[in-house]
Amino acid sequence: MFKSLSKFEEDDVDFDITPHINQPLILPKRKFVNVSQVVSKEPHAIRIMHWNVLANSLCSPKAFPHVIDNRVLEEEFRFKLIQQEIHMYNPDILCVVEMDCHERLSEKLKGRYACKFVQKNYPEDEVKNGRRDGCALFYDKDRFDLLSSQPLYYDKTKQAQIALYVTLKDLHSKKTFHVLSTHLKAKIGHESRREAQVKKLHAFIQQNNEKKHPCIITGDFNEIPSEKAIRYMTQSYTSIYPTTTMAITTYKKRDHESKRMIDYMFHTSNVKVAGYYQLPLPEELEYRLPTFNYPSDHLSLIAEVVLSS
């Protein structure tokens with residue numbers, strides 16, 4: 001059954017945002033798109049959220065020279081907005097990439113979630129420069145039992161691109177299912193590498209899901225829908241969000257302007273989709289991300305699903 005948004009309480013956060021903005025903070029409202037009236041009425045719906053929250057080590061004026069105001073890049077201000085958006089959408093499962101503060105976030109979420117985390121294996125010089133982010137998966141510990149968790153490294157040297165594969169049991173429906181969170185190689189010119197990575201991802205799921213339990217795959221794939229890696233994924237999985245619209249998941253400018261859909265939620269055929277929160281169209285984003293309302297250069301994806309037998 002469709003879950004309402006939680007009311008955000010001011011006491012849930014402890015950082016004064018008033019020095020940063022001169023107007024009340026308003027999180028953008030996103031419409032819930034009801035995909036199936038039948039599924040939305042079924043019990044035991046799971047709300048799942050994916051988000052590339054932008055690692056703090058990557059969030060500098062040099063990396064984002066075209067944002068509206070450098071104050072939107074400040075770590076404490078962004079952390080506050082991240083908390084607020086999570087509280088507003090109230091997910092049962094939260095998949096986060098470029099996460100470098102999972103312990104602190106767990107504490108601020110008031111103990112509702114347990115968390116599994118796998119850190120990217122950066123070269124020593126990048127670690128010295130503060131790179132310590134990875135994939136985190138938070139799950140409601142009163143609703144789900146953790147059965148297993150394992151990382152997936154896309155090459156033998158365990159370079160920075162990784163995935164986190166978790167098996168959970170839903171204590172409401174008594175069903176076992178899998179969730180995989182991933183972050184693929186970035187930048188134009190690495191299309192073949194990303195295609196190889198999704199092929200390894202698919203083989204990994206096949207190998208570790210012999211019982212064909214429901215599986216949900218979320219991530220920053222760094223590819224638009226028409227590119228090979230995403231076309232490969234849609235041969236075996238269904239995208240929750242439509243890939244034929246003009247909706248975007250990232251909007252920024254470094255060397256060039258980038259308004260693209262590169263974040264996705266996929267599922268196996270034994271997962272039914274009740275609905276999802278609509279992504280904005282390019283013209284609906286007035287400024288490049290991050291902004292005073294969006295703390296990352298990526299938008300979050302939020303959907304409600306029901307596990308089939």
# chains A, B, ... in the order shown; residues from 1 in each chain; ligands from 1
>>> residues_around(residues="range 246-253 of chain A", least_positions_apart="6", cutoff="12 Å", atoms="only C-alpha atoms", output="ChimeraX atom specification")
/A:50-54,61-68,219-225,259-265,277-291,294-302
>>> select_by_dssp(residues="range 99-289 of chain A", states="strand (DSSP E or B)", output="ChimeraX atom specification")
/A:99,113-119,134-140,144-153,162-170,176-183,215-220,238-239,250-253,257-260,263-267,271-277
>>> residues_around(residues="range 211-218 of chain A", least_positions_apart="5", cutoff="7 Å", atoms="only C-alpha atoms", output="count of residues only")
16
>>> select_by_dssp(residues="range 99-265 of chain A", states="alpha helix (DSSP H)", output="ChimeraX atom specification")
/A:102-108,124-128,191-208,228-236
